[in-house]
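Dropping work-v1.pdb in here (PDB, C-alpha atoms, pLDDT in the B column):
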ATOM      1  CA  MET B  63    -169.137  -9.018 -39.173  1.00 44.00           C
ATOM      2  CA  GLY B  64    -172.754  -9.613 -38.459  1.00 44.00           C
ATOM      3  CA  PRO B  65    -174.967 -11.982 -36.529  1.00 43.00           C
ATOM      4  CA  CYS B  66    -175.543 -15.388 -38.085  1.00 44.00           C
ATOM      5  CA  ARG B  67    -178.167 -18.043 -37.510  1.00 39.00           C
ATOM      6  CA  ALA B  68    -176.069 -19.514 -34.720  1.00 37.00           C
ATOM      7  CA  GLY B  69    -176.230 -16.175 -32.886  1.00 39.00           C
ATOM      8  CA  MET B  70    -172.482 -15.654 -33.275  1.00 39.00           C
ATOM      9  CA  ARG B  71    -170.596 -12.858 -34.969  1.00 45.00           C
ATOM     10  CA  CYS B  72    -169.234 -14.007 -38.304  1.00 46.00           C
ATOM     11  CA  VAL B  73    -167.179 -12.587 -41.113  1.00 45.00           C
ATOM     12  CA  ALA B  74    -169.388 -10.929 -43.710  1.00 44.00           C
ATOM     13  CA  GLY B  75    -170.017 -13.132 -46.700  1.00 44.00           C
ATOM     14  CA  ALA B  76    -169.555 -16.376 -44.793  1.00 43.00           C
ATOM     15  CA  GLY B  77    -173.159 -17.355 -45.653  1.00 44.00           C
ATOM     16  CA  ASP B  78    -174.156 -20.905 -44.756  1.00 45.00           C
ATOM     17  CA  ALA B  79    -170.618 -21.644 -43.617  1.00 44.00           C
ATOM     18  CA  CYS B  80    -170.993 -19.047 -40.888  1.00 45.00           C
ATOM     19  CA  PRO B  81    -171.673 -21.401 -37.948  1.00 44.00           C
ATOM     20  CA  ALA B  82    -168.687 -23.573 -38.865  1.00 48.00           C
ATOM     21  CA  ALA B  83    -166.548 -20.476 -39.378  1.00 45.00           C
ATOM     22  CA  ALA B  84    -167.709 -19.074 -36.044  1.00 43.00           C
ATOM     23  CA  GLN B  85    -166.872 -22.336 -34.306  1.00 47.00           C
ATOM     24  CA  ALA B  86    -163.429 -22.287 -35.913  1.00 52.00           C
ATOM     25  CA  VAL B  87    -162.564 -18.879 -34.407  1.00 51.00           C
ATOM     26  CA  PRO B  88    -161.803 -20.166 -30.866  1.00 55.00           C
ATOM     27  CA  ALA B  89    -159.667 -22.959 -32.346  1.00 54.00           C
ATOM     28  CA  LEU B  90    -157.872 -20.418 -34.527  1.00 52.00           C
ATOM     29  CA  LEU B  91    -157.229 -18.146 -31.536  1.00 50.00           C
ATOM     30  CA  ILE B  92    -155.838 -21.038 -29.528  1.00 56.00           C
ATOM     31  CA  MET B  93    -153.565 -22.020 -32.428  1.00 56.00           C
ATOM     32  CA  VAL B  94    -152.397 -18.435 -32.955  1.00 55.00           C
ATOM     33  CA  GLY B  95    -151.999 -17.945 -29.218  1.00 55.00           C
ATOM     34  CA  ARG B  96    -149.880 -21.070 -28.905  1.00 65.00           C
ATOM     35  CA  GLY B  97    -147.664 -19.946 -31.768  1.00 67.00           C
ATOM     36  CA  LEU B  98    -147.190 -16.524 -30.235  1.00 67.00           C
ATOM     37  CA  ALA B  99    -146.614 -18.050 -26.813  1.00 69.00           C
ATOM     38  CA  VAL B 100    -143.792 -20.163 -28.229  1.00 72.00           C
ATOM     39  CA  LEU B 101    -142.318 -17.247 -30.189  1.00 73.00           C
ATOM     40  CA  SER B 102    -142.552 -14.953 -27.187  1.00 73.00           C
ATOM     41  CA  ALA B 103    -140.787 -17.481 -24.977  1.00 70.00           C
ATOM     42  CA  LEU B 104    -138.138 -18.142 -27.639  1.00 72.00           C
ATOM     43  CA  GLY B 105    -137.551 -14.404 -28.001  1.00 72.00           C
ATOM     44  CA  SER B 106    -136.968 -14.139 -24.268  1.00 70.00           C
ATOM     45  CA  LEU B 107    -134.589 -17.113 -24.344  1.00 73.00           C
ATOM     46  CA  LEU B 108    -132.753 -15.643 -27.335  1.00 74.00           C
ATOM     47  CA  SER B 109    -132.295 -12.401 -25.401  1.00 73.00           C
ATOM     48  CA  GLN B 110    -130.842 -14.317 -22.441  1.00 75.00           C
ATOM     49  CA  VAL B 111    -128.503 -16.342 -24.651  1.00 76.00           C
ATOM     50  CA  ILE B 112    -127.193 -13.174 -26.323  1.00 73.00           C
ATOM     51  CA  GLU B 113    -126.822 -11.443 -22.949  1.00 73.00           C
ATOM     52  CA  ARG B 114    -124.980 -14.441 -21.476  1.00 73.00           C
ATOM     53  CA  SER B 115    -122.602 -14.630 -24.445  1.00 74.00           C
ATOM     54  CA  ARG B 116    -121.561 -11.019 -23.798  1.00 72.00           C
ATOM     55  CA  LYS B 117    -120.709 -11.658 -20.134  1.00 70.00           C
ATOM     56  CA  LYS B 118    -117.223 -12.380 -18.919  1.00 59.00           C
ATOM     57  CA  PRO B 119    -116.064 -15.992 -18.809  1.00 63.00           C
ATOM     58  CA  GLY B 120    -116.719 -17.618 -15.456  1.00 58.00           C
ATOM     59  CA  SER B 121    -119.832 -15.587 -14.673  1.00 57.00           C
ATOM     60  CA  SER B 122    -123.158 -17.321 -14.077  1.00 62.00           C
ATOM     61  CA  LYS B 123    -124.586 -18.714 -17.300  1.00 65.00           C
ATOM     62  CA  SER B 124    -127.862 -20.174 -16.015  1.00 76.00           C
ATOM     63  CA  LEU B 125    -131.041 -19.213 -17.813  1.00 78.00           C
ATOM     64  CA  ASP B 126    -134.019 -17.669 -16.021  1.00 78.00           C
ATOM     65  CA  LEU B 127    -136.877 -19.893 -17.171  1.00 81.00           C
ATOM     66  CA  SER B 128    -139.524 -17.815 -15.413  1.00 83.00           C
ATOM     67  CA  GLU B 129    -139.031 -14.985 -17.902  1.00 83.00           C
ATOM     68  CA  PRO B 130    -139.842 -17.068 -21.010  1.00 83.00           C
ATOM     69  CA  LEU B 131    -142.889 -18.361 -19.145  1.00 86.00           C
ATOM     70  CA  ARG B 132    -144.092 -14.792 -18.568  1.00 88.00           C
ATOM     71  CA  PHE B 133    -143.507 -13.987 -22.239  1.00 82.00           C
ATOM     72  CA  ALA B 134    -145.397 -17.128 -23.266  1.00 84.00           C
ATOM     73  CA  ILE B 135    -148.363 -16.133 -21.091  1.00 86.00           C
ATOM     74  CA  TYR B 136    -148.365 -12.660 -22.607  1.00 86.00           C
ATOM     75  CA  GLY B 137    -148.156 -14.026 -26.159  1.00 82.00           C
ATOM     76  CA  PHE B 138    -150.901 -16.582 -25.577  1.00 83.00           C
ATOM     77  CA  LEU B 139    -153.382 -14.406 -23.700  1.00 86.00           C
ATOM     78  CA  PHE B 140    -152.786 -10.988 -25.228  1.00 87.00           C
ATOM     79  CA  THR B 141    -150.754 -10.759 -28.427  1.00 84.00           C
ATOM     80  CA  GLY B 142    -152.494 -13.560 -30.308  1.00 80.00           C
ATOM     81  CA  PRO B 143    -156.130 -12.681 -29.606  1.00 84.00           C
ATOM     82  CA  LEU B 144    -155.650  -8.901 -29.755  1.00 89.00           C
ATOM     83  CA  SER B 145    -153.791  -9.109 -33.066  1.00 86.00           C
ATOM     84  CA  HIS B 146    -156.422 -11.398 -34.554  1.00 83.00           C
ATOM     85  CA  TYR B 147    -159.313  -9.105 -33.654  1.00 88.00           C
ATOM     86  CA  PHE B 148    -157.406  -5.955 -34.577  1.00 92.00           C
ATOM     87  CA  TYR B 149    -156.930  -7.186 -38.141  1.00 89.00           C
ATOM     88  CA  LEU B 150    -160.608  -8.152 -38.391  1.00 89.00           C
ATOM     89  CA  TYR B 151    -161.655  -4.723 -37.149  1.00 92.00           C
ATOM     90  CA  LEU B 152    -159.180  -2.946 -39.419  1.00 92.00           C
ATOM     91  CA  GLU B 153    -160.763  -4.587 -42.470  1.00 90.00           C
ATOM     92  CA  GLN B 154    -164.165  -3.258 -41.461  1.00 93.00           C
ATOM     93  CA  LEU B 155    -162.984   0.167 -40.407  1.00 95.00           C
ATOM     94  CA  ILE B 156    -160.826   0.887 -43.450  1.00 95.00           C
ATOM     95  CA  PRO B 157    -161.781  -1.288 -46.421  1.00 92.00           C
ATOM     96  CA  SER B 158    -159.218  -1.472 -49.212  1.00 89.00           C
ATOM     97  CA  ASN B 159    -161.436   0.532 -51.579  1.00 92.00           C
ATOM     98  CA  VAL B 160    -161.381   3.642 -49.336  1.00 93.00           C
ATOM     99  CA  PRO B 161    -159.177   6.462 -50.689  1.00 95.00           C
ATOM    100  CA  PHE B 162    -155.717   6.394 -49.136  1.00 96.00           C
ATOM    101  CA  ALA B 163    -156.599   3.130 -47.352  1.00 95.00           C
ATOM    102  CA  MET B 164    -152.960   1.988 -47.317  1.00 94.00           C
ATOM    103  CA  VAL B 165    -151.791   5.084 -45.478  1.00 95.00           C
ATOM    104  CA  LYS B 166    -154.802   5.224 -43.160  1.00 96.00           C
ATOM    105  CA  ARG B 167    -154.343   1.616 -42.090  1.00 94.00           C
ATOM    106  CA  LEU B 168    -150.675   2.121 -41.415  1.00 95.00           C
ATOM    107  CA  LEU B 169    -151.218   5.341 -39.450  1.00 96.00           C
ATOM    108  CA  LEU B 170    -153.977   3.764 -37.382  1.00 96.00           C
ATOM    109  CA  ASP B 171    -151.752   0.820 -36.522  1.00 95.00           C
ATOM    110  CA  ARG B 172    -148.592   2.790 -35.828  1.00 96.00           C
ATOM    111  CA  LEU B 173    -150.003   5.857 -34.045  1.00 96.00           C
ATOM    112  CA  VAL B 174    -153.196   4.639 -32.384  1.00 96.00           C
ATOM    113  CA  VAL B 175    -152.703   0.918 -31.708  1.00 96.00           C
ATOM    114  CA  ALA B 176    -148.940   0.437 -31.210  1.00 96.00           C
ATOM    115  CA  PRO B 177    -148.441   2.861 -28.271  1.00 97.00           C
ATOM    116  CA  PRO B 178    -151.119   1.386 -25.962  1.00 97.00           C
ATOM    117  CA  PHE B 179    -150.237  -2.170 -27.061  1.00 95.00           C
ATOM    118  CA  LEU B 180    -146.645  -1.590 -25.966  1.00 94.00           C
ATOM    119  CA  LEU B 181    -147.870  -0.011 -22.730  1.00 96.00           C
ATOM    120  CA  LEU B 182    -149.984  -3.123 -22.181  1.00 96.00           C
ATOM    121  CA  PHE B 183    -146.849  -5.252 -22.610  1.00 92.00           C
ATOM    122  CA  PHE B 184    -145.001  -3.355 -19.885  1.00 94.00           C
ATOM    123  CA  PHE B 185    -148.031  -3.433 -17.587  1.00 96.00           C
ATOM    124  CA  ILE B 186    -148.689  -7.167 -17.963  1.00 95.00           C
ATOM    125  CA  MET B 187    -145.016  -8.014 -17.527  1.00 91.00           C
ATOM    126  CA  ASN B 188    -144.965  -5.890 -14.374  1.00 94.00           C
ATOM    127  CA  LEU B 189    -147.969  -7.820 -13.013  1.00 95.00           C
ATOM    128  CA  LEU B 190    -146.514 -11.208 -13.953  1.00 94.00           C
ATOM    129  CA  GLU B 191    -143.262 -10.288 -12.200  1.00 92.00           C
ATOM    130  CA  GLY B 192    -145.221  -9.419  -9.058  1.00 95.00           C
ATOM    131  CA  LYS B 193    -144.000  -5.822  -9.009  1.00 95.00           C
ATOM    132  CA  ASP B 194    -145.936  -2.813  -7.770  1.00 95.00           C
ATOM    133  CA  LEU B 195    -147.138   0.243  -9.678  1.00 95.00           C
ATOM    134  CA  SER B 196    -144.086   2.302  -8.723  1.00 96.00           C
ATOM    135  CA  ALA B 197    -141.872  -0.270 -10.498  1.00 94.00           C
ATOM    136  CA  PHE B 198    -144.211  -0.038 -13.492  1.00 96.00           C
ATOM    137  CA  ALA B 199    -143.962   3.752 -13.514  1.00 96.00           C
ATOM    138  CA  GLU B 200    -140.176   3.552 -13.344  1.00 95.00           C
ATOM    139  CA  LYS B 201    -140.058   1.052 -16.217  1.00 91.00           C
ATOM    140  CA  ILE B 202    -142.260   3.310 -18.320  1.00 94.00           C
ATOM    141  CA  LYS B 203    -139.951   6.252 -17.634  1.00 95.00           C
ATOM    142  CA  SER B 204    -136.819   4.315 -18.494  1.00 92.00           C
ATOM    143  CA  GLY B 205    -137.914   1.984 -21.288  1.00 90.00           C
ATOM    144  CA  TYR B 206    -141.216   2.897 -22.920  1.00 95.00           C
ATOM    145  CA  TRP B 207    -140.125   5.733 -25.210  1.00 95.00           C
ATOM    146  CA  VAL B 208    -137.003   3.849 -26.320  1.00 92.00           C
ATOM    147  CA  ALA B 209    -139.076   0.730 -27.051  1.00 92.00           C
ATOM    148  CA  LEU B 210    -141.795   2.713 -28.850  1.00 96.00           C
ATOM    149  CA  LYS B 211    -139.281   4.388 -31.158  1.00 95.00           C
ATOM    150  CA  MET B 212    -137.769   1.002 -31.949  1.00 91.00           C
ATOM    151  CA  ASN B 213    -141.267  -0.390 -32.461  1.00 93.00           C
ATOM    152  CA  TRP B 214    -141.929   2.291 -35.075  1.00 95.00           C
ATOM    153  CA  LYS B 215    -138.612   1.586 -36.809  1.00 93.00           C
ATOM    154  CA  VAL B 216    -138.981  -2.185 -36.902  1.00 91.00           C
ATOM    155  CA  TRP B 217    -142.701  -2.697 -37.305  1.00 93.00           C
ATOM    156  CA  THR B 218    -143.646   0.185 -39.627  1.00 95.00           C
ATOM    157  CA  PRO B 219    -142.346  -1.436 -42.836  1.00 94.00           C
ATOM    158  CA  VAL B 220    -143.549  -4.844 -41.652  1.00 93.00           C
ATOM    159  CA  GLN B 221    -147.021  -3.539 -40.898  1.00 94.00           C
ATOM    160  CA  PHE B 222    -147.220  -1.582 -44.139  1.00 94.00           C
ATOM    161  CA  VAL B 223    -146.795  -4.823 -46.043  1.00 94.00           C
ATOM    162  CA  ASN B 224    -148.928  -6.762 -43.574  1.00 93.00           C
ATOM    163  CA  VAL B 225    -152.052  -4.588 -43.484  1.00 91.00           C
ATOM    164  CA  ASN B 226    -152.002  -3.780 -47.188  1.00 90.00           C
ATOM    165  CA  TYR B 227    -150.738  -6.835 -49.051  1.00 93.00           C
ATOM    166  CA  VAL B 228    -150.975  -9.925 -46.865  1.00 92.00           C
ATOM    167  CA  PRO B 229    -154.331 -11.750 -47.028  1.00 91.00           C
ATOM    168  CA  MET B 230    -156.380 -11.294 -43.859  1.00 87.00           C
ATOM    169  CA  GLN B 231    -156.081 -14.886 -42.689  1.00 84.00           C
ATOM    170  CA  PHE B 232    -152.256 -14.749 -42.804  1.00 86.00           C
ATOM    171  CA  ARG B 233    -151.582 -11.394 -41.129  1.00 88.00           C
ATOM    172  CA  VAL B 234    -150.902 -12.694 -37.633  1.00 83.00           C
ATOM    173  CA  LEU B 235    -148.712 -15.427 -39.104  1.00 80.00           C
ATOM    174  CA  PHE B 236    -146.770 -12.873 -41.159  1.00 86.00           C
ATOM    175  CA  GLY B 237    -146.206 -10.775 -38.042  1.00 84.00           C
ATOM    176  CA  ASN B 238    -144.876 -13.880 -36.307  1.00 77.00           C
ATOM    177  CA  LEU B 239    -141.948 -13.901 -38.729  1.00 76.00           C
ATOM    178  CA  VAL B 240    -140.671 -10.706 -37.101  1.00 82.00           C
ATOM    179  CA  ALA B 241    -142.044 -11.342 -33.614  1.00 80.00           C
ATOM    180  CA  LEU B 242    -139.284 -13.701 -32.511  1.00 76.00           C
ATOM    181  CA  PHE B 243    -136.667 -10.971 -32.821  1.00 78.00           C
ATOM    182  CA  TRP B 244    -139.034  -8.299 -31.528  1.00 80.00           C
ATOM    183  CA  PHE B 245    -139.656 -10.268 -28.336  1.00 75.00           C
ATOM    184  CA  ALA B 246    -135.906 -10.759 -27.923  1.00 76.00           C
ATOM    185  CA  TYR B 247    -135.546  -6.979 -28.135  1.00 77.00           C
ATOM    186  CA  LEU B 248    -138.374  -6.388 -25.636  1.00 74.00           C
ATOM    187  CA  ALA B 249    -136.820  -8.849 -23.219  1.00 72.00           C
ATOM    188  CA  SER B 250    -133.544  -6.938 -23.386  1.00 72.00           C
ATOM    189  CA  ILE B 251    -135.239  -3.543 -22.963  1.00 69.00           C
ATOM    190  CA  LYS B 252    -137.246  -4.844 -20.030  1.00 60.00           C
ATOM    191  CA  LYS B 253    -134.020  -5.598 -18.158  1.00 62.00           C
ATOM    192  CA  ARG B 254    -132.638  -2.073 -18.455  1.00 59.00           C
TER     193      ARG B 254
END
With the file now loaded, output its structure as structure tokens.
Amino acid sequence: MGPCRAGMRCVAGAGDACPAAAQAVPALLIMVGRGLAVLSALGSLLSQVIERSRKKPGSSKSLDLSEPLRFAIYGFLFTGPLSHYFYLYLEQLIPSNVPFAMVKRLLLDRLVVAPPFLLLFFFIMNLLEGKDLSAFAEKIKSGYWVALKMNWKVWTPVQFVNVNYVPMQFRVLFGNLVALFWFAYLASIKKR
């Protein structure tokens, strides 16, 4: 990415279309953010529905709608924009013509990006729930390592395909295919 005539940062090779492309980025982020907000909320609801179906008959079956709202906020404000910019940066950092690019991209995503991204999830959820730092520390002790190992199991094959074979403009969308179930898992882990 480099500066264009409009003074914005644009994808290399955008040429004269750069200002229009640069103007499209906020719209794209809003669209991606909305999609991830919906998927995040649906994942949370799916987790609640599964949890409720496992409970004994006669127990409370009401859904907690504040949890899907928190997941939607996280998806809209964090997952969408961070994923978008991560994939842009990854293309610049490790172009496909670099030796062992496929492995380097995957290792960067899985070992450098995934752990703090998951930590961010727990931290933001803790803030949105109005809990203090001691509750956050306890949640990290009880759920982070379990969630990170599952993250590596679930997302490693997905991300291998995503960062190496899916065209840049479709990577966040491709990840959304798995995200619904991933957010359902995170919602269940968060309750433990």
(message) Here is a test: counting only C-alpha atoms, which residue of B:His146, B:Lys201, B:Arg114, B:Lys166 is nearest to Asn238 of chain B?
(response) B:His146
(request) For atom CA of Asn213 of chain B and atom CA of Ala176 of chain B, quote the distance in Å rounded to one decimal. (result)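 For atom CA of Asn213 of chain B relative to atom CA of Ala176 of chain B, the distance reads 7.8 Å.
With atom CA of Tyr147 of chain B on one side and atom CA of Lys193 of chain B on the other, the separation reads 29.2 Å.
What separates atom CA of Gln221 of chain B from atom CA of Leu169 of chain B is a distance of 9.9 Å.
Under the PyMOL selection byres ((chain B and resi 127) around 12), the matching residues in the shown file are Ala103, Leu104, Ser106, Leu107, Leu108, Gln110, Val111, Ser124, Leu125, Asp126, Ser128, Glu129, Pro130, Leu131, Arg132, Phe133 and Ala134 of chain B.
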Once the PyMOL selection byres ((chain B and resi 149-165) around 8) is applied to the coordinates I shared, what remains selected? I want it as a short mmCIF file (atom, residue, chain, number, x, y, z; two decimals) with C-alpha atoms, keeping the file's coordinate frame.
data_model
loop_
_atom_site.label_atom_id
_atom_site.label_comp_id
_atom_site.auth_asym_id
_atom_site.auth_seq_id
_atom_site.Cartn_x
_atom_site.Cartn_y
_atom_site.Cartn_z
CA MET B 63 -169.14 -9.02 -39.17
CA SER B 145 -153.79 -9.11 -33.07
CA HIS B 146 -156.42 -11.40 -34.55
CA TYR B 147 -159.31 -9.10 -33.65
CA PHE B 148 -157.41 -5.96 -34.58
CA LYS B 166 -154.80 5.22 -43.16
CA ARG B 167 -154.34 1.62 -42.09
CA LEU B 168 -150.68 2.12 -41.42
CA LEU B 169 -151.22 5.34 -39.45
CA PHE B 222 -147.22 -1.58 -44.14
CA VAL B 225 -152.05 -4.59 -43.48
CA ASN B 226 -152.00 -3.78 -47.19
CA MET B 230 -156.38 -11.29 -43.86
CA ARG B 233 -151.58 -11.39 -41.13
#
